[in-house]
Amino acid sequence: MSLRKQTPSDFLKQIIGRPVVVKLNSGVDYRGVLACLDGYMNIALEQTEEYVNGQLKNKYGDAFIRGNNGNSPSLCYCSLQGCVL
């Protein structure tokens, strides 16, 4: 069985429309459905929930998370909700 190598871009294209967790360096997590993202890791989520220290703080219909602009990186990682990557 051969494993096909996958680029990060390929992976991200495959998870659009799926539930994800976006973790910021500040420790805040956003959980929602990945609507879209760009090369700067600007992320749009739908049905978004904001968690601080594991506690639900807010619910948003849509949310936009600004990616790394080169000056102050804030995005720590993005993963499929309920999956270990």
# chains A, B, ... in the order shown; residues from 1 in each chain; ligands from 1
>>> residues_around(residues="Glu50 of chain A", least_positions_apart="5", cutoff="7 Å", atoms="only C-alpha atoms", output="number ranges by chain")
A: 29-31, 56-59
>>> write_last_selection(atoms="N, CA, C and O atoms", output="mmCIF file, in the first residue's frame")
data_model
loop_
_atom_site.group_PDB
_atom_site.id
_atom_site.type_symbol
_atom_site.label_atom_id
_atom_site.label_comp_id
_atom_site.auth_asym_id
_atom_site.auth_seq_id
_atom_site.Cartn_x
_atom_site.Cartn_y
_atom_site.Cartn_z
ATOM 1 N N ASP A 29 -9.721 29.294 21.600
ATOM 2 C CA ASP A 29 -10.083 28.349 20.537
ATOM 3 C C ASP A 29 -11.365 28.816 19.873
ATOM 4 O O ASP A 29 -12.290 29.282 20.549
ATOM 5 N N TYR A 30 -11.417 28.675 18.554
ATOM 6 C CA TYR A 30 -12.646 28.913 17.805
ATOM 7 C C TYR A 30 -13.021 27.605 17.132
ATOM 8 O O TYR A 30 -12.199 26.983 16.460
ATOM 9 N N ARG A 31 -14.260 27.181 17.317
ATOM 10 C CA ARG A 31 -14.752 25.939 16.732
ATOM 11 C C ARG A 31 -15.914 26.275 15.823
ATOM 12 O O ARG A 31 -16.829 26.989 16.217
ATOM 13 N N LEU A 56 -16.994 27.796 27.064
ATOM 14 C CA LEU A 56 -17.689 28.506 25.996
ATOM 15 C C LEU A 56 -17.975 29.931 26.441
ATOM 16 O O LEU A 56 -18.571 30.155 27.494
ATOM 17 N N LYS A 57 -17.517 30.916 25.647
ATOM 18 C CA LYS A 57 -17.711 32.334 25.991
ATOM 19 C C LYS A 57 -18.707 33.027 25.073
ATOM 20 O O LYS A 57 -19.483 33.858 25.512
ATOM 21 N N ASN A 58 -18.662 32.712 23.774
ATOM 22 C CA ASN A 58 -19.545 33.378 22.809
ATOM 23 C C ASN A 58 -19.891 32.436 21.674
ATOM 24 O O ASN A 58 -19.141 31.503 21.371
ATOM 25 N N LYS A 59 -21.023 32.726 21.031
ATOM 26 C CA LYS A 59 -21.415 32.034 19.807
ATOM 27 C C LYS A 59 -21.619 33.091 18.733
ATOM 28 O O LYS A 59 -22.228 34.125 18.993
#
>>> residues_around(residues="segment 39-44 of chain A", least_positions_apart="3", cutoff="9 Å", atoms="only C-alpha atoms", output="JSON list (two decimals) with all heavy atoms, in the first residue's frame")
[["chain", "number", "residue", "atom", "x", "y", "z"],
["A", 9, "SER", "N", -1.69, 22.68, 1.36],
["A", 9, "SER", "CA", -2.75, 23.30, 0.57],
["A", 9, "SER", "C", -3.81, 22.27, 0.17],
["A", 9, "SER", "O", -5.01, 22.54, 0.23],
["A", 9, "SER", "CB", -2.15, 23.95, -0.68],
["A", 9, "SER", "OG", -3.14, 24.52, -1.47],
["A", 22, "VAL", "N", -9.75, 26.08, 15.52],
["A", 22, "VAL", "CA", -8.67, 27.01, 15.26],
["A", 22, "VAL", "C", -8.17, 27.50, 16.61],
["A", 22, "VAL", "O", -8.93, 28.10, 17.37],
["A", 22, "VAL", "CB", -9.14, 28.20, 14.39],
["A", 22, "VAL", "CG1", -8.00, 29.19, 14.17],
["A", 22, "VAL", "CG2", -9.68, 27.70, 13.06],
["A", 33, "VAL", "N", -17.47, 25.61, 11.37],
["A", 33, "VAL", "CA", -17.36, 24.99, 10.06],
["A", 33, "VAL", "C", -16.49, 25.89, 9.18],
["A", 33, "VAL", "O", -16.77, 27.08, 9.04],
["A", 33, "VAL", "CB", -18.75, 24.79, 9.43],
["A", 33, "VAL", "CG1", -18.64, 24.23, 8.02],
["A", 33, "VAL", "CG2", -19.60, 23.89, 10.32],
["A", 34, "LEU", "N", -15.43, 25.31, 8.62],
["A", 34, "LEU", "CA", -14.51, 26.08, 7.79],
["A", 34, "LEU", "C", -15.20, 26.48, 6.49],
["A", 34, "LEU", "O", -15.58, 25.62, 5.69],
["A", 34, "LEU", "CB", -13.26, 25.24, 7.49],
["A", 34, "LEU", "CG", -12.18, 25.92, 6.66],
["A", 34, "LEU", "CD1", -11.61, 27.13, 7.39],
["A", 34, "LEU", "CD2", -11.07, 24.92, 6.35],
["A", 35, "ALA", "N", -15.38, 27.79, 6.29],
["A", 35, "ALA", "CA", -16.04, 28.29, 5.08],
["A", 35, "ALA", "C", -15.01, 28.54, 3.99],
["A", 35, "ALA", "O", -15.21, 28.15, 2.83],
["A", 35, "ALA", "CB", -16.82, 29.56, 5.38],
["A", 36, "CYS", "N", -13.91, 29.20, 4.33],
["A", 36, "CYS", "CA", -12.84, 29.45, 3.36],
["A", 36, "CYS", "C", -11.60, 29.97, 4.08],
["A", 36, "CYS", "O", -11.66, 30.35, 5.25],
["A", 36, "CYS", "CB", -13.30, 30.42, 2.27],
["A", 36, "CYS", "SG", -13.70, 32.06, 2.89],
["A", 62, "ASP", "N", -21.14, 33.87, 11.89],
["A", 62, "ASP", "CA", -19.94, 33.81, 11.05],
["A", 62, "ASP", "C", -18.82, 34.55, 11.78],
["A", 62, "ASP", "O", -19.07, 35.51, 12.51],
["A", 62, "ASP", "CB", -20.18, 34.50, 9.71],
["A", 62, "ASP", "CG", -21.24, 33.80, 8.87],
["A", 62, "ASP", "OD1", -21.37, 32.57, 8.99],
["A", 62, "ASP", "OD2", -21.91, 34.49, 8.08],
["A", 63, "ALA", "N", -17.60, 34.09, 11.57],
["A", 63, "ALA", "CA", -16.44, 34.74, 12.19],
["A", 63, "ALA", "C", -15.30, 34.76, 11.19],
["A", 63, "ALA", "O", -15.16, 33.86, 10.36],
["A", 63, "ALA", "CB", -16.02, 34.00, 13.45],
["A", 64, "PHE", "N", -14.49, 35.81, 11.27],
["A", 64, "PHE", "CA", -13.31, 35.95, 10.43],
["A", 64, "PHE", "C", -12.10, 36.05, 11.34],
["A", 64, "PHE", "O", -12.06, 36.90, 12.23],
["A", 64, "PHE", "CB", -13.43, 37.21, 9.55],
["A", 64, "PHE", "CG", -12.26, 37.40, 8.64],
["A", 64, "PHE", "CD1", -12.16, 36.68, 7.45],
["A", 64, "PHE", "CD2", -11.26, 38.29, 8.95],
["A", 64, "PHE", "CE1", -11.09, 36.86, 6.61],
["A", 64, "PHE", "CE2", -10.17, 38.48, 8.11],
["A", 64, "PHE", "CZ", -10.09, 37.76, 6.94],
["A", 65, "ILE", "N", -11.14, 35.17, 11.15],
["A", 65, "ILE", "CA", -9.92, 35.18, 11.96],
["A", 65, "ILE", "C", -8.78, 35.60, 11.05],
["A", 65, "ILE", "O", -8.50, 34.94, 10.03],
["A", 65, "ILE", "CB", -9.65, 33.79, 12.56],
["A", 65, "ILE", "CG1", -10.83, 33.38, 13.44],
["A", 65, "ILE", "CG2", -8.33, 33.79, 13.34],
["A", 65, "ILE", "CD1", -10.80, 31.94, 13.89],
["A", 66, "ARG", "N", -8.16, 36.70, 11.41],
["A", 66, "ARG", "CA", -7.07, 37.22, 10.60],
["A", 66, "ARG", "C", -5.82, 36.37, 10.82],
["A", 66, "ARG", "O", -5.42, 36.09, 11.93],
["A", 66, "ARG", "CB", -6.79, 38.68, 10.98],
["A", 66, "ARG", "CG", -5.79, 39.31, 10.07],
["A", 66, "ARG", "CD", -5.69, 40.78, 10.33],
["A", 66, "ARG", "NE", -4.71, 41.35, 9.43],
["A", 66, "ARG", "CZ", -4.19, 42.53, 9.59],
["A", 66, "ARG", "NH1", -4.55, 43.28, 10.61],
["A", 66, "ARG", "NH2", -3.30, 42.99, 8.73],
["A", 67, "GLY", "N", -5.21, 35.98, 9.72],
["A", 67, "GLY", "CA", -4.02, 35.14, 9.78],
["A", 67, "GLY", "C", -2.76, 35.93, 10.08],
["A", 67, "GLY", "O", -2.80, 37.09, 10.50],
["A", 68, "ASN", "N", -1.64, 35.31, 9.82],
["A", 68, "ASN", "CA", -0.33, 35.89, 10.10],
["A", 68, "ASN", "C", -0.02, 36.96, 9.06],
["A", 68, "ASN", "O", 0.11, 36.68, 7.88],
["A", 68, "ASN", "CB", 0.72, 34.78, 10.07],
["A", 68, "ASN", "CG", 2.09, 35.29, 10.43],
["A", 68, "ASN", "OD1", 2.30, 36.46, 10.66],
["A", 68, "ASN", "ND2", 3.03, 34.38, 10.48],
["A", 69, "ASN", "N", 0.15, 38.19, 9.53],
["A", 69, "ASN", "CA", 0.51, 39.26, 8.61],
["A", 69, "ASN", "C", 2.01, 39.53, 8.61],
["A", 69, "ASN", "O", 2.48, 40.49, 8.04],
["A", 69, "ASN", "CB", -0.25, 40.55, 8.96],
["A", 69, "ASN", "CG", 0.10, 41.10, 10.33],
["A", 69, "ASN", "OD1", 1.02, 40.61, 10.98],
["A", 69, "ASN", "ND2", -0.63, 42.09, 10.78],
["A", 75, "LEU", "N", -2.14, 32.81, 14.83],
["A", 75, "LEU", "CA", -2.70, 31.49, 14.60],
["A", 75, "LEU", "C", -1.70, 30.42, 15.04],
["A", 75, "LEU", "O", -0.55, 30.43, 14.62],
["A", 75, "LEU", "CB", -3.03, 31.32, 13.12],
["A", 75, "LEU", "CG", -3.65, 29.99, 12.71],
["A", 75, "LEU", "CD1", -5.04, 29.86, 13.31],
["A", 75, "LEU", "CD2", -3.73, 29.90, 11.20]]
>>> atom_distance(atom1="atom CA of Val52 of chain A", atom2="atom CA of Gly27 of chain A")
6.9 Å
